[in-house]
Amino acid sequence: ENIVHDEKAQQLHFKNARMEFLGLPVFYTPYLRVPEPGVKRATGLLTPKILTSNLLGVGIKQPFYINLNRTSDITLSILKTTKTKFLVETDYRKIFSNGNLFFSGAAKPDSEKNIIEGYFQLSGNARILDNSSLNYNTTAVSNSGFLGKYGYRNTDRLTSSVELTKQMRHSFSKASTTYFTSLRDNEQEKYVIVPKFYTRHFNHYKNLNIFSGTEISLVGLTKKNFETDLRVNASFDAEKAWKINTGLRIKGSTKISSSLYRINENNTKKNLYKYFDPTFGIELSLPLYKSLKKRLETIKPTLQLVYNPAIKLNDKISNSDSQQVKLDQSSLFSLNRFSGLDKQESGLRLNSGVEYSVENNGPFSYNLALGQVFRGNPSEQFSKESGLSGIKSDILISGKLDYNSLISIHGEQLYDQKLTLRHAETTFHYRQPKSTISSGLIFFEADLTENRPTDLTEFTLGIQSTLNRNWLSSLDLRRNLNEHENINALLKFSYENECAKINLSFKKRFTETDTLPADTSVELTFDLNGLGEKRASFRKSNCLIYN
């Protein structure tokens, strides 16, 4: 009925205002104050979130925004539901001339246990000089089920870290410490990774066309009793490539590594040495090209011979950083398929593969790759389920298809010698201006070495669709096909015009764990676009009607 414009305070005051949605009155207030159009950051109440949940009941979350100054602000929120007492949230942001800081947290009193439940997260970064930066991220939680129950994070492990990095033209260095907080009940002993240091320096000798690099690393696993297992490693690697007029390409690679371990075992300390751990490789490839007017075909057969002598000390060193291995197109021609330094793939082996690709000026382009690893002696370093054990690895097949930037399909499979499927990953993407469909299907055989006692088959589906100029819908689904049950699902509708934006979401989590309990929730949020946007003087807003 009445609007007062306070130009000095840059505010608009509404009296006896009501909100209509599709012509129906849905909200009334005798007084409402909003920033004038063009003001992006102003202290005051934000629009509330209305929710209902099996775990929390029916409730509302009301945020309050405080503009502290030009470089910092804070948002305080109060959540009240029928099944929980008041929960207070806070988000603090600060921008510095050389970095930023973000703090978020939540707290809720538990009268039965006479404690405060909650969590906090602190993260940020700072530039130090021109080539160095400090990054930090830490999270703490009162109990394992808090984050999942209140919808803050779907995870079973938290990572806290502080790292200092330095990037130069020919070198990179990083000093850091990392701590993992497990939210699982059956997790093994926890460690703090401190100290941790890594540096790499690389060179290119143009006259010889040789690339070389040197690395030094220090890693310590510190236990609760402050006992620390240390590993110091130094390595040198070099690579040189030749091109022969016949089209044959030759690439020679070598890496020499040396490590010292200081291990605490049964209150005694012992040193283990790997004085000399060399790896040599030579790769031959013969790319063949066929160029037509609108088509380029390529066939690239590749053979890579790699040798690393078996060092008996390898079996005495505990494996802390190479728990998972994977044979795929990116690791087929690796000198070491273990992910870390504690284990080195040893023996004489021949990595072989052939890739066929077609690039079109028309709509289609695709490629297909086939690969396998052959060994001089059967390998017992890897589990049978990994596809890398024995004298011959599983057969790797990989392919990708693109059609006119609308459809993209990528698949990768591993087959044993009897052509039985051992592992598969397939992704599908369909894109149009008004809709997007993404889906994925994975299959892993059971592997006790990776804590997977049963086969794993999962399907994911994501759909986004613009229904019309105002309505947008989305669907996300994750399903366990082995157990024939869903893991989680999300259905969301969004309505937006020049006046408001309304989001309505339906979420369901099917898991039954302490960390991620099953829950079904509905959330409703809205923002008033038309009251805070600065509009051109010749355009009349349809958002406000004066009586």
# chains A, B, ... in the order shown; residues from 1 in each chain; ligands from 1

$ select_by_dssp --residues "region 334-409 of chain A" --states "strand (DSSP E or B)" --output "MDAnalysis selection string"
chainID A and resid 347:360 364:379 390:392 395:403 407:409

$ residues_around --residues "Ser352 (chain A)" --least-positions-apart "6" --cutoff "6 Å" --atoms "only C-alpha atoms" --output "PyMOL selection string"
chain A and resi 302-303+371-372

$ closest_atom_pairs --of "region 320-411 of chain A" --to "region 436-460 of chain A" --cutoff "12 Å" --atoms "only C-alpha atoms" --output "tab-separated table"
residue	atom	partner	partner_atom	distance
A:Ser322	CA	A:Glu450	CA	10.7
A:Gln323	CA	A:Glu450	CA	7.0
A:Gln324	CA	A:Glu450	CA	6.5
A:Val325	CA	A:Glu450	CA	9.2
A:Lys326	CA	A:Glu450	CA	11.1
A:Gln381	CA	A:Thr449	CA	11.5
A:Phe382	CA	A:Thr449	CA	9.2
A:Ser383	CA	A:Thr449	CA	7.1
A:Lys384	CA	A:Asp447	CA	8.3
A:Glu385	CA	A:Asp447	CA	5.9
A:Ser386	CA	A:Asp447	CA	7.8
A:Gly387	CA	A:Glu445	CA	10.2
A:Ser405	CA	A:Thr436	CA	11.9
A:Leu406	CA	A:Thr436	CA	9.3
A:Ile407	CA	A:Ile437	CA	9.5
A:Ser408	CA	A:Ser438	CA	9.5
A:Ile409	CA	A:Ser439	CA	9.7
A:His410	CA	A:Gly440	CA	9.5
A:Gly411	CA	A:Leu441	CA	9.3

$ write_last_selection --atoms "N, CA, C and O atoms" --output "CSV table (one decimal), in the first residue's frame"
chain,number,residue,atom,x,y,z
A,322,SER,N,50.5,-47.2,-2.0
A,322,SER,CA,50.1,-47.8,-3.3
A,322,SER,C,49.1,-48.9,-3.1
A,322,SER,O,49.2,-50.0,-3.5
A,323,GLN,N,48.0,-48.5,-2.4
A,323,GLN,CA,47.0,-49.5,-2.0
A,323,GLN,C,46.1,-49.9,-3.2
A,323,GLN,O,45.6,-51.0,-3.3
A,324,GLN,N,46.0,-49.0,-4.2
A,324,GLN,CA,45.1,-49.3,-5.3
A,324,GLN,C,45.9,-49.2,-6.6
A,324,GLN,O,46.7,-48.2,-6.8
A,325,VAL,N,45.7,-50.1,-7.5
A,325,VAL,CA,46.3,-50.1,-8.8
A,325,VAL,C,45.2,-50.2,-9.9
A,325,VAL,O,44.1,-50.8,-9.6
A,326,LYS,N,45.4,-49.8,-11.1
A,326,LYS,CA,44.4,-49.9,-12.1
A,326,LYS,C,45.1,-49.9,-13.5
A,326,LYS,O,46.0,-49.2,-13.7
A,381,GLN,N,52.9,-59.6,-7.7
A,381,GLN,CA,52.8,-58.3,-7.0
A,381,GLN,C,51.4,-57.8,-6.9
A,381,GLN,O,51.0,-57.1,-6.0
A,382,PHE,N,50.6,-58.2,-7.9
A,382,PHE,CA,49.2,-57.6,-8.0
A,382,PHE,C,48.2,-58.7,-7.6
A,382,PHE,O,48.5,-59.9,-7.8
A,383,SER,N,47.0,-58.3,-7.2
A,383,SER,CA,46.0,-59.3,-7.0
A,383,SER,C,45.4,-59.8,-8.3
A,383,SER,O,45.5,-59.1,-9.4
A,384,LYS,N,44.8,-60.9,-8.3
A,384,LYS,CA,44.3,-61.5,-9.5
A,384,LYS,C,43.2,-60.6,-10.1
A,384,LYS,O,43.0,-60.5,-11.3
A,385,GLU,N,42.4,-60.0,-9.2
A,385,GLU,CA,41.3,-59.2,-9.6
A,385,GLU,C,41.7,-57.9,-10.3
A,385,GLU,O,40.9,-57.2,-10.9
A,386,SER,N,43.0,-57.4,-10.0
A,386,SER,CA,43.4,-56.2,-10.6
A,386,SER,C,43.6,-56.3,-12.1
A,386,SER,O,43.7,-55.3,-12.8
A,387,GLY,N,43.8,-57.5,-12.7
A,387,GLY,CA,44.0,-57.7,-14.1
A,387,GLY,C,45.4,-57.6,-14.5
A,387,GLY,O,45.8,-57.7,-15.7
A,405,SER,N,28.7,-33.0,-31.4
A,405,SER,CA,28.7,-32.3,-30.1
A,405,SER,C,27.4,-32.5,-29.3
A,405,SER,O,27.2,-31.8,-28.3
A,406,LEU,N,26.6,-33.5,-29.7
A,406,LEU,CA,25.4,-33.8,-29.0
A,406,LEU,C,25.5,-35.0,-28.2
A,406,LEU,O,25.0,-35.0,-27.1
A,407,ILE,N,26.1,-36.0,-28.7
A,407,ILE,CA,26.2,-37.3,-28.0
A,407,ILE,C,27.7,-37.7,-27.8
A,407,ILE,O,28.5,-37.6,-28.8
A,408,SER,N,28.0,-38.1,-26.6
A,408,SER,CA,29.4,-38.5,-26.3
A,408,SER,C,29.3,-39.8,-25.5
A,408,SER,O,28.6,-39.8,-24.5
A,409,ILE,N,30.0,-40.9,-26.0
A,409,ILE,CA,30.0,-42.1,-25.3
A,409,ILE,C,31.4,-42.6,-25.1
A,409,ILE,O,32.2,-42.6,-26.0
A,410,HIS,N,31.7,-43.0,-23.9
A,410,HIS,CA,33.1,-43.5,-23.6
A,410,HIS,C,33.0,-44.8,-22.8
A,410,HIS,O,32.2,-44.8,-21.8
A,411,GLY,N,33.7,-45.8,-23.2
A,411,GLY,CA,33.7,-47.0,-22.5
A,411,GLY,C,35.0,-47.6,-22.3
A,411,GLY,O,35.9,-47.4,-23.2

$ residues_around --residues "region 257-265 of chain A" --least-positions-apart "4" --cutoff "10 Å" --atoms "only C-alpha atoms" --output "JSON, numbers by chain"
{"A": [214, 215, 216, 217, 218, 219, 220, 221, 227, 228, 229, 230, 231, 232, 233, 234, 235, 236, 237, 269, 270, 271, 272, 273, 274, 275, 276, 277, 278, 279, 317, 318, 341, 342]}

$ write_last_selection --atoms "N, CA and C atoms" --output "mmCIF file, in the first residue's frame"
data_model
loop_
_atom_site.group_PDB
_atom_site.id
_atom_site.type_symbol
_atom_site.label_atom_id
_atom_site.label_comp_id
_atom_site.auth_asym_id
_atom_site.auth_seq_id
_atom_site.Cartn_x
_atom_site.Cartn_y
_atom_site.Cartn_z
ATOM 1 N N THR A 214 64.812 -34.214 -11.492
ATOM 2 C CA THR A 214 65.267 -34.743 -10.212
ATOM 3 C C THR A 214 64.188 -34.465 -9.174
ATOM 4 N N GLU A 215 63.978 -35.442 -8.292
ATOM 5 C CA GLU A 215 62.957 -35.332 -7.257
ATOM 6 C C GLU A 215 63.546 -35.711 -5.905
ATOM 7 N N ILE A 216 63.106 -34.999 -4.881
ATOM 8 C CA ILE A 216 63.450 -35.331 -3.498
ATOM 9 C C ILE A 216 62.162 -35.238 -2.689
ATOM 10 N N SER A 217 61.895 -36.254 -1.889
ATOM 11 C CA SER A 217 60.678 -36.235 -1.081
ATOM 12 C C SER A 217 60.967 -36.787 0.305
ATOM 13 N N LEU A 218 60.210 -36.288 1.254
ATOM 14 C CA LEU A 218 60.285 -36.730 2.649
ATOM 15 C C LEU A 218 58.856 -36.887 3.155
ATOM 16 N N VAL A 219 58.525 -38.070 3.675
ATOM 17 C CA VAL A 219 57.192 -38.346 4.180
ATOM 18 C C VAL A 219 57.303 -39.003 5.547
ATOM 19 N N GLY A 220 56.496 -38.533 6.483
ATOM 20 C CA GLY A 220 56.454 -39.134 7.808
ATOM 21 C C GLY A 220 55.033 -39.477 8.200
ATOM 22 N N LEU A 221 54.813 -40.697 8.696
ATOM 23 C CA LEU A 221 53.520 -41.119 9.234
ATOM 24 C C LEU A 221 53.633 -41.125 10.751
ATOM 25 N N GLU A 227 55.115 -41.715 17.638
ATOM 26 C CA GLU A 227 56.112 -42.457 16.877
ATOM 27 C C GLU A 227 55.923 -42.165 15.395
ATOM 28 N N THR A 228 57.025 -41.983 14.690
ATOM 29 C CA THR A 228 56.968 -41.572 13.293
ATOM 30 C C THR A 228 57.773 -42.527 12.428
ATOM 31 N N ASP A 229 57.127 -43.041 11.379
ATOM 32 C CA ASP A 229 57.817 -43.789 10.338
ATOM 33 C C ASP A 229 58.171 -42.825 9.214
ATOM 34 N N LEU A 230 59.448 -42.797 8.838
ATOM 35 C CA LEU A 230 59.935 -41.835 7.853
ATOM 36 C C LEU A 230 60.368 -42.537 6.574
ATOM 37 N N ARG A 231 60.188 -41.834 5.460
ATOM 38 C CA ARG A 231 60.739 -42.288 4.183
ATOM 39 C C ARG A 231 61.350 -41.088 3.470
ATOM 40 N N VAL A 232 62.604 -41.219 3.086
ATOM 41 C CA VAL A 232 63.297 -40.210 2.290
ATOM 42 C C VAL A 232 63.607 -40.832 0.936
ATOM 43 N N ASN A 233 63.242 -40.140 -0.126
ATOM 44 C CA ASN A 233 63.450 -40.671 -1.466
ATOM 45 C C ASN A 233 64.085 -39.618 -2.353
ATOM 46 N N ALA A 234 65.010 -40.064 -3.185
ATOM 47 C CA ALA A 234 65.620 -39.214 -4.205
ATOM 48 C C ALA A 234 65.618 -39.984 -5.518
ATOM 49 N N SER A 235 65.291 -39.314 -6.601
ATOM 50 C CA SER A 235 65.214 -39.998 -7.886
ATOM 51 C C SER A 235 65.664 -39.073 -9.009
ATOM 52 N N PHE A 236 66.082 -39.718 -10.090
ATOM 53 C CA PHE A 236 66.472 -39.005 -11.315
ATOM 54 C C PHE A 236 65.809 -39.702 -12.491
ATOM 55 N N ASP A 237 65.214 -38.933 -13.397
ATOM 56 C CA ASP A 237 64.585 -39.512 -14.578
ATOM 57 C C ASP A 237 64.997 -38.728 -15.814
ATOM 58 N N LYS A 269 63.603 -49.188 16.642
ATOM 59 C CA LYS A 269 63.731 -48.483 15.376
ATOM 60 C C LYS A 269 64.716 -49.233 14.485
ATOM 61 N N LYS A 270 64.344 -49.345 13.224
ATOM 62 C CA LYS A 270 65.241 -49.996 12.276
ATOM 63 C C LYS A 270 65.230 -49.222 10.965
ATOM 64 N N ASN A 271 66.356 -49.299 10.266
ATOM 65 C CA ASN A 271 66.524 -48.608 8.995
ATOM 66 C C ASN A 271 66.520 -49.606 7.850
ATOM 67 N N LEU A 272 65.806 -49.293 6.802
ATOM 68 C CA LEU A 272 65.767 -50.095 5.587
ATOM 69 C C LEU A 272 66.187 -49.206 4.428
ATOM 70 N N TYR A 273 67.005 -49.758 3.531
ATOM 71 C CA TYR A 273 67.551 -48.972 2.442
ATOM 72 C C TYR A 273 67.191 -49.609 1.094
ATOM 73 N N LYS A 274 66.863 -48.768 0.144
ATOM 74 C CA LYS A 274 66.834 -49.167 -1.260
ATOM 75 C C LYS A 274 67.865 -48.277 -1.958
ATOM 76 N N TYR A 275 69.116 -48.762 -1.989
ATOM 77 C CA TYR A 275 70.195 -47.919 -2.491
ATOM 78 C C TYR A 275 70.005 -47.558 -3.961
ATOM 79 N N PHE A 276 69.586 -48.555 -4.759
ATOM 80 C CA PHE A 276 69.596 -48.363 -6.201
ATOM 81 C C PHE A 276 68.419 -49.121 -6.791
ATOM 82 N N ASP A 277 67.423 -48.391 -7.271
ATOM 83 C CA ASP A 277 66.207 -49.005 -7.817
ATOM 84 C C ASP A 277 65.985 -48.437 -9.214
ATOM 85 N N PRO A 278 66.605 -49.050 -10.244
ATOM 86 C CA PRO A 278 66.523 -48.488 -11.595
ATOM 87 C C PRO A 278 65.363 -49.065 -12.406
ATOM 88 N N THR A 279 64.853 -48.272 -13.324
ATOM 89 C CA THR A 279 63.838 -48.697 -14.274
ATOM 90 C C THR A 279 64.235 -48.170 -15.643
ATOM 91 N N ILE A 317 59.074 -53.844 3.113
ATOM 92 C CA ILE A 317 58.582 -52.489 3.317
ATOM 93 C C ILE A 317 57.060 -52.502 3.277
ATOM 94 N N SER A 318 56.433 -51.963 4.301
ATOM 95 C CA SER A 318 54.971 -51.916 4.332
ATOM 96 C C SER A 318 54.459 -50.989 3.246
ATOM 97 N N LEU A 341 55.502 -44.762 -3.997
ATOM 98 C CA LEU A 341 56.909 -45.146 -4.028
ATOM 99 C C LEU A 341 57.208 -46.380 -3.195
ATOM 100 N N ASP A 342 56.284 -46.807 -2.341
ATOM 101 C CA ASP A 342 56.562 -47.960 -1.486
ATOM 102 C C ASP A 342 56.681 -49.250 -2.289
#

$ atom_distance --atom1 "CA of Thr52 (chain A)" --atom2 "CA of Glu523 (chain A)"
6.6 Å

$ closest_residue --among "A:Val141, A:Gly148, A:Tyr403, A:His170" --to "Ile116 (chain A)" --atoms "only C-alpha atoms"
A:Val141

$ residues_around --residues "region 76-87 of chain A" --least-positions-apart "4" --cutoff "7 Å" --atoms "only C-alpha atoms" --output "PDB file with N, CA and C atoms, in the first residue's frame"
ATOM      1  N   LEU A  56      14.658 -34.829  10.730  1.00  0.00           N
ATOM      2  CA  LEU A  56      14.578 -33.549  11.428  1.00  0.00           C
ATOM      3  C   LEU A  56      13.149 -33.094  11.687  1.00  0.00           C
ATOM      4  N   GLY A  57      12.191 -33.616  10.937  1.00  0.00           N
ATOM      5  CA  GLY A  57      10.826 -33.138  11.064  1.00  0.00           C
ATOM      6  C   GLY A  57      10.571 -31.952  10.155  1.00  0.00           C
ATOM      7  N   VAL A  58       9.563 -31.153  10.492  1.00  0.00           N
ATOM      8  CA  VAL A  58       9.201 -29.967   9.713  1.00  0.00           C
ATOM      9  C   VAL A  58       9.829 -28.742  10.371  1.00  0.00           C
ATOM     10  N   GLY A  59      10.436 -27.892   9.552  1.00  0.00           N
ATOM     11  CA  GLY A  59      11.085 -26.738  10.161  1.00  0.00           C
ATOM     12  C   GLY A  59      11.391 -25.655   9.155  1.00  0.00           C
ATOM     13  N   ILE A  60      12.099 -24.643   9.635  1.00  0.00           N
ATOM     14  CA  ILE A  60      12.460 -23.483   8.828  1.00  0.00           C
ATOM     15  C   ILE A  60      13.866 -23.051   9.200  1.00  0.00           C
ATOM     16  N   LYS A  61      14.617 -22.616   8.197  1.00  0.00           N
ATOM     17  CA  LYS A  61      15.949 -22.050   8.449  1.00  0.00           C
ATOM     18  C   LYS A  61      15.939 -20.594   8.007  1.00  0.00           C
ATOM     19  N   GLN A  62      16.220 -19.707   8.948  1.00  0.00           N
ATOM     20  CA  GLN A  62      16.193 -18.281   8.680  1.00  0.00           C
ATOM     21  C   GLN A  62      17.615 -17.716   8.737  1.00  0.00           C
ATOM     22  N   PRO A  63      18.170 -17.278   7.603  1.00  0.00           N
ATOM     23  CA  PRO A  63      19.506 -16.672   7.605  1.00  0.00           C
ATOM     24  C   PRO A  63      19.445 -15.147   7.782  1.00  0.00           C
ATOM     25  N   PHE A  64      20.487 -14.593   8.399  1.00  0.00           N
ATOM     26  CA  PHE A  64      20.626 -13.151   8.596  1.00  0.00           C
ATOM     27  C   PHE A  64      22.012 -12.752   8.109  1.00  0.00           C
ATOM     28  N   TYR A  65      22.055 -11.838   7.169  1.00  0.00           N
ATOM     29  CA  TYR A  65      23.321 -11.424   6.536  1.00  0.00           C
ATOM     30  C   TYR A  65      23.818 -10.130   7.156  1.00  0.00           C
ATOM     31  N   ASP A  91      28.555 -18.525   8.579  1.00  0.00           N
ATOM     32  CA  ASP A  91      29.477 -18.487   7.444  1.00  0.00           C
ATOM     33  C   ASP A  91      30.167 -17.135   7.453  1.00  0.00           C
ATOM     34  N   ALA A 106      28.508 -25.049  12.539  1.00  0.00           N
ATOM     35  CA  ALA A 106      27.159 -25.219  13.059  1.00  0.00           C
ATOM     36  C   ALA A 106      27.259 -25.811  14.458  1.00  0.00           C
ATOM     37  N   ALA A 107      26.328 -25.463  15.323  1.00  0.00           N
ATOM     38  CA  ALA A 107      26.328 -25.957  16.701  1.00  0.00           C
ATOM     39  C   ALA A 107      24.890 -26.180  17.150  1.00  0.00           C
ATOM     40  N   LYS A 108      24.695 -27.242  17.928  1.00  0.00           N
ATOM     41  CA  LYS A 108      23.371 -27.590  18.448  1.00  0.00           C
ATOM     42  C   LYS A 108      23.534 -28.201  19.834  1.00  0.00           C
TER      43      LYS A 108
END

$ decode --residues "region 397-462 of chain A" --atoms "C-alpha atoms" --output "PDB file, in the first residue's frame"
ATOM      1  CA  ILE A 397      39.483 -52.370 -24.623  1.00  0.00           C
ATOM      2  CA  SER A 398      38.662 -48.676 -24.683  1.00  0.00           C
ATOM      3  CA  GLY A 399      36.584 -46.586 -27.054  1.00  0.00           C
ATOM      4  CA  LYS A 400      34.992 -43.181 -27.475  1.00  0.00           C
ATOM      5  CA  LEU A 401      32.323 -41.839 -29.830  1.00  0.00           C
ATOM      6  CA  ASP A 402      31.297 -38.228 -30.439  1.00  0.00           C
ATOM      7  CA  TYR A 403      28.403 -37.154 -32.632  1.00  0.00           C
ATOM      8  CA  ASN A 404      27.992 -33.527 -33.599  1.00  0.00           C
ATOM      9  CA  SER A 405      28.727 -32.296 -30.051  1.00  0.00           C
ATOM     10  CA  LEU A 406      25.354 -33.769 -29.050  1.00  0.00           C
ATOM     11  CA  ILE A 407      26.215 -37.316 -28.008  1.00  0.00           C
ATOM     12  CA  SER A 408      29.382 -38.522 -26.319  1.00  0.00           C
ATOM     13  CA  ILE A 409      29.951 -42.143 -25.274  1.00  0.00           C
ATOM     14  CA  HIS A 410      33.078 -43.479 -23.569  1.00  0.00           C
ATOM     15  CA  GLY A 411      33.653 -47.045 -22.480  1.00  0.00           C
ATOM     16  CA  GLU A 412      36.490 -49.055 -20.990  1.00  0.00           C
ATOM     17  CA  GLN A 413      36.520 -52.789 -20.202  1.00  0.00           C
ATOM     18  CA  LEU A 414      38.920 -55.454 -18.952  1.00  0.00           C
ATOM     19  CA  TYR A 415      38.541 -59.085 -20.093  1.00  0.00           C
ATOM     20  CA  ASP A 416      40.461 -62.115 -18.852  1.00  0.00           C
ATOM     21  CA  GLN A 417      42.041 -64.710 -21.157  1.00  0.00           C
ATOM     22  CA  LYS A 418      38.660 -66.460 -21.530  1.00  0.00           C
ATOM     23  CA  LEU A 419      37.058 -63.113 -22.497  1.00  0.00           C
ATOM     24  CA  THR A 420      35.102 -62.940 -19.244  1.00  0.00           C
ATOM     25  CA  LEU A 421      34.315 -59.358 -18.232  1.00  0.00           C
ATOM     26  CA  ARG A 422      36.303 -58.315 -15.141  1.00  0.00           C
ATOM     27  CA  HIS A 423      35.848 -54.557 -15.054  1.00  0.00           C
ATOM     28  CA  ALA A 424      33.810 -52.011 -17.017  1.00  0.00           C
ATOM     29  CA  GLU A 425      33.157 -48.277 -16.984  1.00  0.00           C
ATOM     30  CA  THR A 426      30.769 -46.560 -19.402  1.00  0.00           C
ATOM     31  CA  THR A 427      29.647 -42.936 -19.534  1.00  0.00           C
ATOM     32  CA  PHE A 428      27.009 -41.352 -21.766  1.00  0.00           C
ATOM     33  CA  HIS A 429      26.332 -37.648 -22.336  1.00  0.00           C
ATOM     34  CA  TYR A 430      23.564 -36.110 -24.422  1.00  0.00           C
ATOM     35  CA  ARG A 431      23.469 -32.340 -24.805  1.00  0.00           C
ATOM     36  CA  GLN A 432      20.903 -30.048 -26.330  1.00  0.00           C
ATOM     37  CA  PRO A 433      20.288 -26.346 -25.761  1.00  0.00           C
ATOM     38  CA  LYS A 434      17.337 -27.110 -23.465  1.00  0.00           C
ATOM     39  CA  SER A 435      18.253 -30.484 -21.972  1.00  0.00           C
ATOM     40  CA  THR A 436      21.217 -32.548 -20.823  1.00  0.00           C
ATOM     41  CA  ILE A 437      21.341 -36.239 -19.967  1.00  0.00           C
ATOM     42  CA  SER A 438      24.357 -37.879 -18.312  1.00  0.00           C
ATOM     43  CA  SER A 439      24.598 -41.466 -17.154  1.00  0.00           C
ATOM     44  CA  GLY A 440      27.289 -43.879 -16.024  1.00  0.00           C
ATOM     45  CA  LEU A 441      27.626 -47.591 -15.387  1.00  0.00           C
ATOM     46  CA  ILE A 442      30.532 -49.198 -13.504  1.00  0.00           C
ATOM     47  CA  PHE A 443      31.366 -52.794 -12.675  1.00  0.00           C
ATOM     48  CA  PHE A 444      34.187 -53.974 -10.384  1.00  0.00           C
ATOM     49  CA  GLU A 445      34.910 -57.532  -9.431  1.00  0.00           C
ATOM     50  CA  ALA A 446      35.287 -58.282  -5.750  1.00  0.00           C
ATOM     51  CA  ASP A 447      38.834 -57.606  -4.518  1.00  0.00           C
ATOM     52  CA  LEU A 448      39.747 -58.055  -0.850  1.00  0.00           C
ATOM     53  CA  THR A 449      43.025 -56.164  -1.324  1.00  0.00           C
ATOM     54  CA  GLU A 450      40.925 -53.052  -2.021  1.00  0.00           C
ATOM     55  CA  ASN A 451      38.394 -53.795   0.778  1.00  0.00           C
ATOM     56  CA  ARG A 452      35.718 -54.813  -1.731  1.00  0.00           C
ATOM     57  CA  PRO A 453      34.366 -58.216  -0.587  1.00  0.00           C
ATOM     58  CA  THR A 454      31.590 -58.404  -3.222  1.00  0.00           C
ATOM     59  CA  ASP A 455      31.126 -57.350  -6.826  1.00  0.00           C
ATOM     60  CA  LEU A 456      30.164 -53.721  -7.305  1.00  0.00           C
ATOM     61  CA  THR A 457      27.790 -52.555 -10.029  1.00  0.00           C
ATOM     62  CA  GLU A 458      26.435 -49.006  -9.894  1.00  0.00           C
ATOM     63  CA  PHE A 459      24.329 -46.906 -12.233  1.00  0.00           C
ATOM     64  CA  THR A 460      24.096 -43.111 -12.156  1.00  0.00           C
ATOM     65  CA  LEU A 461      21.675 -40.881 -14.037  1.00  0.00           C
ATOM     66  CA  GLY A 462      21.485 -37.108 -14.243  1.00  0.00           C
TER      67      GLY A 462
END
